[in-house]
>>> print(open('protein-v5.pdb').read())   # PDB, C-alpha atoms
ATOM      1  CA  MET H   1      35.963  -5.851  -2.649
ATOM      2  CA  ASN H   2      36.496  -9.343  -3.994
ATOM      3  CA  GLN H   3      33.098 -10.609  -5.168
ATOM      4  CA  ARG H   4      34.100 -14.239  -4.578
ATOM      5  CA  VAL H   5      35.070 -13.899  -0.913
ATOM      6  CA  PHE H   6      33.143 -11.961   1.712
ATOM      7  CA  GLU H   7      34.430 -11.585   5.266
ATOM      8  CA  GLN H   8      32.880 -10.003   8.355
ATOM      9  CA  ARG H   9      34.278  -9.388  11.818
ATOM     10  CA  ARG H  10      32.700  -8.024  14.967
ATOM     11  CA  GLY H  11      34.493  -8.567  18.253
ATOM     12  CA  ARG H  12      35.020 -12.317  18.575
ATOM     13  CA  GLU H  13      32.638 -13.145  15.715
ATOM     14  CA  GLU H  14      33.987 -13.917  12.260
ATOM     15  CA  TYR H  15      32.060 -14.977   9.157
ATOM     16  CA  ARG H  16      33.460 -15.909   5.770
ATOM     17  CA  VAL H  17      31.597 -16.839   2.587
ATOM     18  CA  GLU H  18      33.411 -17.955  -0.545
ATOM     19  CA  LEU H  19      31.415 -18.217  -3.756
ATOM     20  CA  ASP H  20      32.080 -20.934  -6.283
ATOM     21  CA  ASP H  21      30.396 -21.949  -9.535
ATOM     22  CA  THR H  22      28.142 -24.686  -8.115
ATOM     23  CA  GLN H  23      28.223 -23.978  -4.375
ATOM     24  CA  PHE H  24      29.419 -21.612  -1.697
ATOM     25  CA  THR H  25      31.460 -22.259   1.418
ATOM     26  CA  TYR H  26      30.368 -20.742   4.703
ATOM     27  CA  ALA H  27      32.639 -20.578   7.735
ATOM     28  CA  SER H  28      31.979 -19.009  11.120
ATOM     29  CA  ARG H  29      33.879 -18.533  14.343
ATOM     30  CA  VAL H  30      31.776 -17.369  17.279
ATOM     31  CA  ARG H  31      33.137 -17.236  20.835
ATOM     32  CA  GLY H  32      35.569 -20.101  20.475
ATOM     33  CA  SER H  33      33.390 -22.425  18.392
ATOM     34  CA  GLU H  34      34.052 -22.870  14.709
ATOM     35  CA  GLY H  35      32.077 -24.367  11.876
ATOM     36  CA  SER H  36      32.103 -24.534   8.132
ATOM     37  CA  ALA H  37      30.099 -26.134   5.361
ATOM     38  CA  ALA H  38      29.987 -26.334   1.600
ATOM     39  CA  VAL H  39      26.433 -25.548   0.497
ATOM     40  CA  PRO H  40      25.105 -26.281  -3.007
ATOM     41  CA  TYR H  41      23.117 -23.412  -4.505
ATOM     42  CA  GLU H  42      20.057 -25.680  -4.735
ATOM     43  CA  LEU H  43      19.693 -25.517  -0.948
ATOM     44  CA  LEU H  44      19.818 -21.713  -0.649
ATOM     45  CA  CYS H  45      16.395 -20.125  -0.223
ATOM     46  CA  ARG H  46      15.715 -16.520  -1.201
ATOM     47  CA  ARG H  47      13.362 -15.822   1.735
ATOM     48  CA  THR H  48      15.666 -14.586   4.482
ATOM     49  CA  THR H  49      14.693 -13.376   7.949
ATOM     50  CA  ASP H  50      16.148 -10.863  10.358
ATOM     51  CA  TYR H  51      17.384 -11.737  13.829
ATOM     52  CA  TYR H  52      18.239  -9.122  16.428
ATOM     53  CA  ARG H  53      20.452  -9.961  19.414
ATOM     54  CA  SER H  54      21.005  -7.632  22.324
ATOM     55  CA  ASN H  55      22.082  -7.790  25.968
ATOM     56  CA  LEU H  56      18.949  -8.679  27.932
ATOM     57  CA  PHE H  57      20.519  -7.421  31.171
ATOM     58  CA  PHE H  58      20.003  -3.818  30.038
ATOM     59  CA  ARG H  59      16.390  -4.511  29.054
ATOM     60  CA  ASN H  60      15.642  -6.170  32.392
ATOM     61  CA  VAL H  61      17.234  -3.327  34.374
ATOM     62  CA  ALA H  62      15.233  -0.798  32.349
ATOM     63  CA  ILE H  63      12.017  -2.671  33.154
ATOM     64  CA  TYR H  64      12.931  -2.922  36.840
ATOM     65  CA  PHE H  65      13.652   0.794  37.155
ATOM     66  CA  GLY H  66      10.527   1.603  35.133
ATOM     67  CA  ILE H  67       8.480  -0.320  37.699
ATOM     68  CA  LEU H  68      10.263   1.582  40.477
ATOM     69  CA  VAL H  69       9.348   4.875  38.786
ATOM     70  CA  VAL H  70       5.666   3.948  38.659
ATOM     71  CA  GLY H  71       5.736   2.625  42.217
ATOM     72  CA  THR H  72       7.511   5.712  43.558
ATOM     73  CA  VAL H  73       5.102   8.093  41.891
ATOM     74  CA  ALA H  74       2.052   6.084  43.016
ATOM     75  CA  PHE H  75       3.178   5.675  46.606
ATOM     76  CA  GLY H  76       4.544   9.211  46.680
ATOM     77  CA  PHE H  77       1.034  10.563  46.346
ATOM     78  CA  LEU H  78      -0.381   8.139  48.910
ATOM     79  CA  VAL H  79       2.149   8.637  51.702
ATOM     80  CA  SER H  80       3.583  12.060  50.815
ATOM     81  CA  LEU H  81       7.022  10.842  49.658
ATOM     82  CA  ASP H  82       9.207  13.026  47.495
ATOM     83  CA  PRO H  83       8.466  11.895  43.918
ATOM     84  CA  ARG H  84      11.672  13.511  42.572
ATOM     85  CA  VAL H  85      13.500  10.250  43.220
ATOM     86  CA  ALA H  86      11.383   8.849  40.394
ATOM     87  CA  ILE H  87      13.163  11.221  37.994
ATOM     88  CA  LEU H  88      16.531   9.661  38.857
ATOM     89  CA  TRP H  89      15.145   6.161  38.371
ATOM     90  CA  ALA H  90      13.521   7.223  35.102
ATOM     91  CA  LEU H  91      16.897   8.469  33.851
ATOM     92  CA  VAL H  92      18.556   5.167  34.800
ATOM     93  CA  ALA H  93      15.737   3.245  33.096
ATOM     94  CA  GLY H  94      16.084   5.383  29.961
ATOM     95  CA  ALA H  95      19.877   4.968  29.866
ATOM     96  CA  CYS H  96      19.599   1.179  30.249
ATOM     97  CA  TYR H  97      16.961   0.977  27.529
ATOM     98  CA  ALA H  98      19.126   3.094  25.218
ATOM     99  CA  ALA H  99      22.088   0.773  25.914
ATOM    100  CA  TYR H 100      19.847  -2.227  25.166
ATOM    101  CA  ARG H 101      18.789  -0.794  21.785
ATOM    102  CA  LEU H 102      22.164   0.653  20.726
ATOM    103  CA  THR H 103      24.387  -2.312  21.596
ATOM    104  CA  GLY H 104      22.270  -4.821  19.720
ATOM    105  CA  VAL H 105      23.407  -6.667  16.637
ATOM    106  CA  ARG H 106      21.247  -7.374  13.605
ATOM    107  CA  TYR H 107      21.778 -10.547  11.588
ATOM    108  CA  GLU H 108      20.281 -11.757   8.340
ATOM    109  CA  VAL H 109      19.431 -15.449   8.544
ATOM    110  CA  TYR H 110      19.574 -17.491   5.339
ATOM    111  CA  PRO H 111      17.497 -20.682   5.522
ATOM    112  CA  LEU H 112      18.589 -23.757   3.617
ATOM    113  CA  ALA H 113      16.234 -26.355   2.130
ATOM    114  CA  ASP H 114      17.627 -29.101   4.383
ATOM    115  CA  GLY H 115      16.589 -27.260   7.567
ATOM    116  CA  ARG H 116      19.948 -25.694   8.397
ATOM    117  CA  VAL H 117      20.548 -21.948   8.436
ATOM    118  CA  PHE H 118      23.506 -19.626   8.268
ATOM    119  CA  ARG H 119      23.676 -16.015   9.305
ATOM    120  CA  LEU H 120      25.627 -12.923   8.434
ATOM    121  CA  LEU H 121      26.003  -9.607  10.219
ATOM    122  CA  TRP H 122      23.642  -7.211   8.502
ATOM    123  CA  GLY H 123      25.355  -4.201   6.980
ATOM    124  CA  ARG H 124      28.944  -5.189   7.807
ATOM    125  CA  PRO H 125      31.679  -4.218   6.926
ATOM    126  CA  THR H 126      29.663  -1.473   5.241
ATOM    127  CA  ARG H 127      26.047  -1.475   4.196
ATOM    128  CA  ARG H 128      26.923  -1.060   0.519
ATOM    129  CA  GLU H 129      29.444  -3.926   0.545
ATOM    130  CA  TYR H 130      26.928  -6.184   2.268
ATOM    131  CA  VAL H 131      24.136  -5.376  -0.201
ATOM    132  CA  ASP H 132      26.535  -5.878  -3.135
ATOM    133  CA  PHE H 133      27.639  -9.249  -1.769
ATOM    134  CA  ARG H 134      24.049 -10.357  -1.175
ATOM    135  CA  ARG H 135      23.138  -9.350  -4.729
ATOM    136  CA  THR H 136      26.167 -11.257  -6.086
ATOM    137  CA  LEU H 137      25.320 -14.356  -4.032
ATOM    138  CA  PHE H 138      21.787 -14.566  -5.373
ATOM    139  CA  ALA H 139      22.855 -13.659  -8.929
ATOM    140  CA  ARG H 140      25.336 -16.560  -8.942
ATOM    141  CA  ARG H 141      22.711 -18.854  -7.443
ATOM    142  CA  ASP H 142      20.090 -17.835  -9.992
ATOM    143  CA  ALA H 143      22.500 -18.201 -12.943
ATOM    144  CA  TYR H 144      23.537 -21.668 -11.770
ATOM    145  CA  LEU H 145      19.939 -22.817 -11.237
ATOM    146  CA  ARG H 146      18.853 -21.415 -14.627
ATOM    147  CA  ASP H 147      21.706 -23.174 -16.422
ATOM    148  CA  ARG H 148      21.081 -26.451 -14.650
ATOM    149  CA  TYR H 149      17.290 -26.660 -14.272
ATOM    150  CA  ALA H 150      15.614 -24.373 -16.822
ATOM    151  CA  ARG H 151      16.456 -26.598 -19.768
ATOM    152  CA  ILE H 152      13.531 -28.606 -21.023
ATOM    153  CA  ASP H 153      13.843 -32.368 -21.384
ATOM    154  CA  VAL H 154      11.059 -33.466 -23.743
ATOM    155  CA  ALA H 155      11.649 -37.118 -22.842
ATOM    156  CA  ARG H 156      10.435 -36.524 -19.267
ATOM    157  CA  PRO H 157       6.736 -36.360 -18.381
ATOM    158  CA  ALA H 158       5.194 -32.881 -18.640
ATOM    159  CA  PRO H 159       4.006 -32.728 -14.971
ATOM    160  CA  LEU H 160       7.557 -33.333 -13.701
ATOM    161  CA  GLU H 161       8.988 -30.703 -16.004
ATOM    162  CA  ARG H 162       6.286 -28.233 -15.015
ATOM    163  CA  ARG H 163       6.920 -28.764 -11.267
ATOM    164  CA  ARG H 164      10.604 -28.038 -11.726
ATOM    165  CA  ILE H 165       9.840 -24.841 -13.653
ATOM    166  CA  GLU H 166       7.300 -23.771 -10.985
ATOM    167  CA  TRP H 167       9.997 -24.237  -8.351
ATOM    168  CA  LEU H 168      12.321 -21.973 -10.345
ATOM    169  CA  ARG H 169       9.603 -19.309 -10.533
ATOM    170  CA  GLU H 170       8.823 -19.555  -6.790
ATOM    171  CA  GLU H 171      12.513 -19.098  -5.993
ATOM    172  CA  GLY H 172      12.721 -16.000  -8.191
ATOM    173  CA  VAL H 173      15.137 -17.594 -10.656
ATOM    174  CA  ILE H 174      12.882 -16.960 -13.656
ATOM    175  CA  ASP H 175      10.227 -14.292 -14.097
ATOM    176  CA  GLN H 176       6.586 -14.777 -15.065
ATOM    177  CA  ASP H 177       7.150 -14.223 -18.794
ATOM    178  CA  ALA H 178       9.907 -16.842 -18.947
ATOM    179  CA  PHE H 179       7.723 -19.203 -16.917
ATOM    180  CA  ILE H 180       4.813 -18.883 -19.365
ATOM    181  CA  THR H 181       7.101 -19.405 -22.363
ATOM    182  CA  ILE H 182       8.730 -22.486 -20.855
ATOM    183  CA  VAL H 183       5.400 -23.986 -19.749
ATOM    184  CA  GLU H 184       3.953 -23.506 -23.255
ATOM    185  CA  THR H 185       7.002 -25.249 -24.701
ATOM    186  CA  ILE H 186       6.616 -28.099 -22.224
ATOM    187  CA  GLU H 187       2.945 -28.548 -23.038
ATOM    188  CA  ASP H 188       3.677 -28.519 -26.776
ATOM    189  CA  HIS H 189       6.662 -30.917 -26.805
ATOM    190  CA  ALA H 190       7.040 -32.884 -23.558
ATOM    191  CA  ALA H 191       5.905 -36.475 -23.110
ATOM    192  CA  PRO H 192       2.454 -36.885 -21.527
TER     193      PRO H 192
END
>>> encode(input="protein-v5.pdb", output="structure tokens")
Amino acid sequence: MNQRVFEQRRGREEYRVELDDTQFTYASRVRGSEGSAAVPYELLCRRTTDYYRSNLFFRNVAIYFGILVVGTVAFGFLVSLDPRVAILWALVAGACYAAYRLTGVRYEVYPLADGRVFRLLWGRPTRREYVDFRRTLFARRDAYLRDRYARIDVARPAPLERRRIEWLREEGVIDQDAFITIVETIEDHAAP
């Protein structure tokens, strides 16, 4: 797999991410609508969320037939109806619920600092390729942010320098040991 370009397809959905040195380009085509954007690595946040999309028709039918099962059993005892019909409705409810769970699609949503988001199909084309791409994306991001923002400018005030380094630590770009070392250097050499 090319580590610079990552493509996903599922039905009429297509996603493409191309990694660059200072940014990445995201393009999507979903049910006839297309969009693309060039996103600087500074905007990419490490805290992603999961989103699950499934056909709600199957869920609603499962609930409806589940209610019919309960109603049939309850009224069957009251008015001597044959409660075996409830078994058929329970099977339909179970099949619809299984279709609801199995036909769903899981996405990973990547928030950006400017309020936008982009999403990718989780585990596509294969789980290993997706995890490798995700690791590569954040490794490139972290390397770029370290090169650009982890350098100390002793001419700037110490509180400004410290805030920038805290941001790098919060984003997982530098670890705690590097943070302590950089902060000590800032306090020793930076302007007050």
>>> residues_near_point(input="protein-v5.pdb", point="(13.3, -17.3, -13.3)", cutoff="12 Å", atoms="all atoms listed in the file", output="count of residues only")
31
>>> closest_residue(input="protein-v5.pdb", among="H:Glu42, H:Glu34, H:Asp188, H:Asp82", to="Asp21 in chain H", atoms="all atoms listed in the file")
H:Glu42
>>> atom_distance(input="protein-v5.pdb", atom1="CA of Arg156 in chain H", atom2="CA of Glu187 in chain H")
11.6 Å
>>> axis_aligned_box(input="protein-v5.pdb", around="range 136-150 of chain H", padding_each_side="6 Å", output="AutoDock Vina command-line options")
--center_x 20.9 --center_y -19.0 --center_z -10.4 --size_x 22.6 --size_y 27.4 --size_z 24.8
>>> closest_residue(input="protein-v5.pdb", among="H:Thr22, H:Arg59, H:Ile87, H:Arg124", to="Arg10 in chain H", atoms="all atoms listed in the file")
H:Arg124
>>> decode(input="protein-v5.pdb", residues="range 138-153 of chain H", atoms="all heavy atoms", output="mmCIF file, in the first residue's frame")
data_model
loop_
_atom_site.group_PDB
_atom_site.id
_atom_site.type_symbol
_atom_site.label_atom_id
_atom_site.label_comp_id
_atom_site.auth_asym_id
_atom_site.auth_seq_id
_atom_site.Cartn_x
_atom_site.Cartn_y
_atom_site.Cartn_z
ATOM 1 N N PHE H 138 -0.813 10.196 11.632
ATOM 2 C CA PHE H 138 -0.444 10.890 12.866
ATOM 3 C C PHE H 138 1.071 10.991 13.044
ATOM 4 O O PHE H 138 1.559 11.957 13.644
ATOM 5 C CB PHE H 138 -1.115 10.241 14.071
ATOM 6 C CG PHE H 138 -2.563 10.609 14.171
ATOM 7 C CD1 PHE H 138 -3.548 9.656 13.989
ATOM 8 C CD2 PHE H 138 -2.952 11.915 14.426
ATOM 9 C CE1 PHE H 138 -4.893 10.002 14.069
ATOM 10 C CE2 PHE H 138 -4.286 12.270 14.506
ATOM 11 C CZ PHE H 138 -5.263 11.314 14.320
ATOM 12 N N ALA H 139 1.835 10.047 12.519
ATOM 13 C CA ALA H 139 3.295 10.150 12.584
ATOM 14 C C ALA H 139 3.781 11.327 11.742
ATOM 15 O O ALA H 139 4.658 12.091 12.182
ATOM 16 C CB ALA H 139 3.941 8.854 12.108
ATOM 17 N N ARG H 140 3.224 11.495 10.554
ATOM 18 C CA ARG H 140 3.591 12.648 9.714
ATOM 19 C C ARG H 140 3.185 13.956 10.381
ATOM 20 O O ARG H 140 3.926 14.926 10.375
ATOM 21 C CB ARG H 140 2.937 12.549 8.344
ATOM 22 C CG ARG H 140 3.634 11.615 7.416
ATOM 23 C CD ARG H 140 2.898 11.578 6.082
ATOM 24 N NE ARG H 140 3.628 10.782 5.150
ATOM 25 C CZ ARG H 140 4.340 11.279 4.155
ATOM 26 N NH1 ARG H 140 4.414 12.563 3.979
ATOM 27 N NH2 ARG H 140 4.980 10.485 3.335
ATOM 28 N N ARG H 141 1.987 13.967 10.942
ATOM 29 C CA ARG H 141 1.503 15.161 11.642
ATOM 30 C C ARG H 141 2.425 15.511 12.801
ATOM 31 O O ARG H 141 2.838 16.662 12.961
ATOM 32 C CB ARG H 141 0.091 14.920 12.151
ATOM 33 C CG ARG H 141 -0.416 15.976 13.101
ATOM 34 C CD ARG H 141 -1.644 15.409 13.823
ATOM 35 N NE ARG H 141 -2.100 16.300 14.841
ATOM 36 C CZ ARG H 141 -1.863 16.159 16.129
ATOM 37 N NH1 ARG H 141 -1.157 15.133 16.559
ATOM 38 N NH2 ARG H 141 -2.327 17.011 16.998
ATOM 39 N N ASP H 142 2.746 14.520 13.622
ATOM 40 C CA ASP H 142 3.584 14.760 14.791
ATOM 41 C C ASP H 142 4.981 15.229 14.380
ATOM 42 O O ASP H 142 5.538 16.146 14.998
ATOM 43 C CB ASP H 142 3.679 13.501 15.651
ATOM 44 C CG ASP H 142 2.350 13.152 16.309
ATOM 45 O OD1 ASP H 142 1.420 13.985 16.275
ATOM 46 O OD2 ASP H 142 2.247 12.038 16.861
ATOM 47 N N ALA H 143 5.557 14.620 13.360
ATOM 48 C CA ALA H 143 6.900 15.026 12.899
ATOM 49 C C ALA H 143 6.874 16.466 12.401
ATOM 50 O O ALA H 143 7.775 17.258 12.708
ATOM 51 C CB ALA H 143 7.388 14.081 11.805
ATOM 52 N N TYR H 144 5.837 16.814 11.642
ATOM 53 C CA TYR H 144 5.734 18.189 11.137
ATOM 54 C C TYR H 144 5.574 19.184 12.289
ATOM 55 O O TYR H 144 6.252 20.221 12.322
ATOM 56 C CB TYR H 144 4.553 18.301 10.177
ATOM 57 C CG TYR H 144 4.239 19.730 9.813
ATOM 58 C CD1 TYR H 144 5.047 20.435 8.923
ATOM 59 C CD2 TYR H 144 3.142 20.376 10.360
ATOM 60 C CE1 TYR H 144 4.774 21.754 8.602
ATOM 61 C CE2 TYR H 144 2.860 21.689 10.041
ATOM 62 C CZ TYR H 144 3.676 22.377 9.158
ATOM 63 O OH TYR H 144 3.401 23.678 8.848
ATOM 64 N N LEU H 145 4.702 18.881 13.238
ATOM 65 C CA LEU H 145 4.483 19.800 14.361
ATOM 66 C C LEU H 145 5.725 19.920 15.242
ATOM 67 O O LEU H 145 6.042 21.009 15.734
ATOM 68 C CB LEU H 145 3.279 19.348 15.193
ATOM 69 C CG LEU H 145 1.914 19.454 14.505
ATOM 70 C CD1 LEU H 145 0.822 18.941 15.423
ATOM 71 C CD2 LEU H 145 1.627 20.863 14.049
ATOM 72 N N ARG H 146 6.447 18.815 15.450
ATOM 73 C CA ARG H 146 7.693 18.870 16.223
ATOM 74 C C ARG H 146 8.720 19.757 15.523
ATOM 75 O O ARG H 146 9.345 20.611 16.148
ATOM 76 C CB ARG H 146 8.267 17.465 16.407
ATOM 77 C CG ARG H 146 8.040 16.877 17.762
ATOM 78 C CD ARG H 146 8.852 15.615 17.983
ATOM 79 N NE ARG H 146 8.859 14.665 16.895
ATOM 80 C CZ ARG H 146 7.915 13.746 16.686
ATOM 81 N NH1 ARG H 146 6.878 13.657 17.488
ATOM 82 N NH2 ARG H 146 8.016 12.907 15.680
ATOM 83 N N ASP H 147 8.900 19.548 14.224
ATOM 84 C CA ASP H 147 9.874 20.344 13.480
ATOM 85 C C ASP H 147 9.513 21.825 13.472
ATOM 86 O O ASP H 147 10.388 22.680 13.543
ATOM 87 C CB ASP H 147 9.985 19.847 12.035
ATOM 88 C CG ASP H 147 10.691 18.517 11.924
ATOM 89 O OD1 ASP H 147 11.341 18.109 12.910
ATOM 90 O OD2 ASP H 147 10.577 17.876 10.862
ATOM 91 N N ARG H 148 8.244 22.117 13.396
ATOM 92 C CA ARG H 148 7.827 23.511 13.261
ATOM 93 C C ARG H 148 7.657 24.234 14.596
ATOM 94 O O ARG H 148 7.965 25.414 14.703
ATOM 95 C CB ARG H 148 6.513 23.556 12.490
ATOM 96 C CG ARG H 148 5.958 24.938 12.383
ATOM 97 C CD ARG H 148 5.508 25.269 11.039
ATOM 98 N NE ARG H 148 5.193 26.690 11.008
ATOM 99 C CZ ARG H 148 4.317 27.213 10.240
ATOM 100 N NH1 ARG H 148 3.672 26.448 9.402
ATOM 101 N NH2 ARG H 148 4.079 28.493 10.264
ATOM 102 N N TYR H 149 7.145 23.540 15.621
ATOM 103 C CA TYR H 149 6.747 24.236 16.848
ATOM 104 C C TYR H 149 7.537 23.871 18.099
ATOM 105 O O TYR H 149 7.382 24.518 19.123
ATOM 106 C CB TYR H 149 5.261 23.997 17.123
ATOM 107 C CG TYR H 149 4.371 24.597 16.075
ATOM 108 C CD1 TYR H 149 3.748 23.786 15.134
ATOM 109 C CD2 TYR H 149 4.169 25.962 16.006
ATOM 110 C CE1 TYR H 149 2.938 24.330 14.163
ATOM 111 C CE2 TYR H 149 3.361 26.511 15.040
ATOM 112 C CZ TYR H 149 2.743 25.689 14.114
ATOM 113 O OH TYR H 149 1.948 26.236 13.148
ATOM 114 N N ALA H 150 8.357 22.844 18.065
ATOM 115 C CA ALA H 150 9.077 22.448 19.280
ATOM 116 C C ALA H 150 10.393 23.193 19.459
ATOM 117 O O ALA H 150 11.037 23.050 20.486
ATOM 118 C CB ALA H 150 9.329 20.941 19.285
ATOM 119 N N ARG H 151 10.767 23.985 18.480
ATOM 120 C CA ARG H 151 11.991 24.773 18.616
ATOM 121 C C ARG H 151 11.745 25.948 19.549
ATOM 122 O O ARG H 151 10.717 26.614 19.472
ATOM 123 C CB ARG H 151 12.443 25.280 17.255
ATOM 124 C CG ARG H 151 12.842 24.164 16.346
ATOM 125 C CD ARG H 151 13.381 24.680 15.048
ATOM 126 N NE ARG H 151 13.648 23.556 14.169
ATOM 127 C CZ ARG H 151 13.477 23.599 12.868
ATOM 128 N NH1 ARG H 151 13.067 24.703 12.295
ATOM 129 N NH2 ARG H 151 13.735 22.547 12.142
ATOM 130 N N ILE H 152 12.705 26.218 20.365
ATOM 131 C CA ILE H 152 12.567 27.287 21.356
ATOM 132 C C ILE H 152 13.116 28.592 20.779
ATOM 133 O O ILE H 152 14.214 28.631 20.240
ATOM 134 C CB ILE H 152 13.324 26.929 22.650
ATOM 135 C CG1 ILE H 152 12.764 25.635 23.228
ATOM 136 C CG2 ILE H 152 13.232 28.069 23.652
ATOM 137 C CD1 ILE H 152 13.600 25.077 24.334
ATOM 138 N N ASP H 153 12.337 29.646 20.923
ATOM 139 C CA ASP H 153 12.756 30.980 20.518
ATOM 140 C C ASP H 153 12.965 31.790 21.796
ATOM 141 O O ASP H 153 12.000 32.216 22.435
ATOM 142 C CB ASP H 153 11.689 31.622 19.632
ATOM 143 C CG ASP H 153 12.107 32.986 19.112
ATOM 144 O OD1 ASP H 153 13.240 33.421 19.405
ATOM 145 O OD2 ASP H 153 11.286 33.612 18.414
#
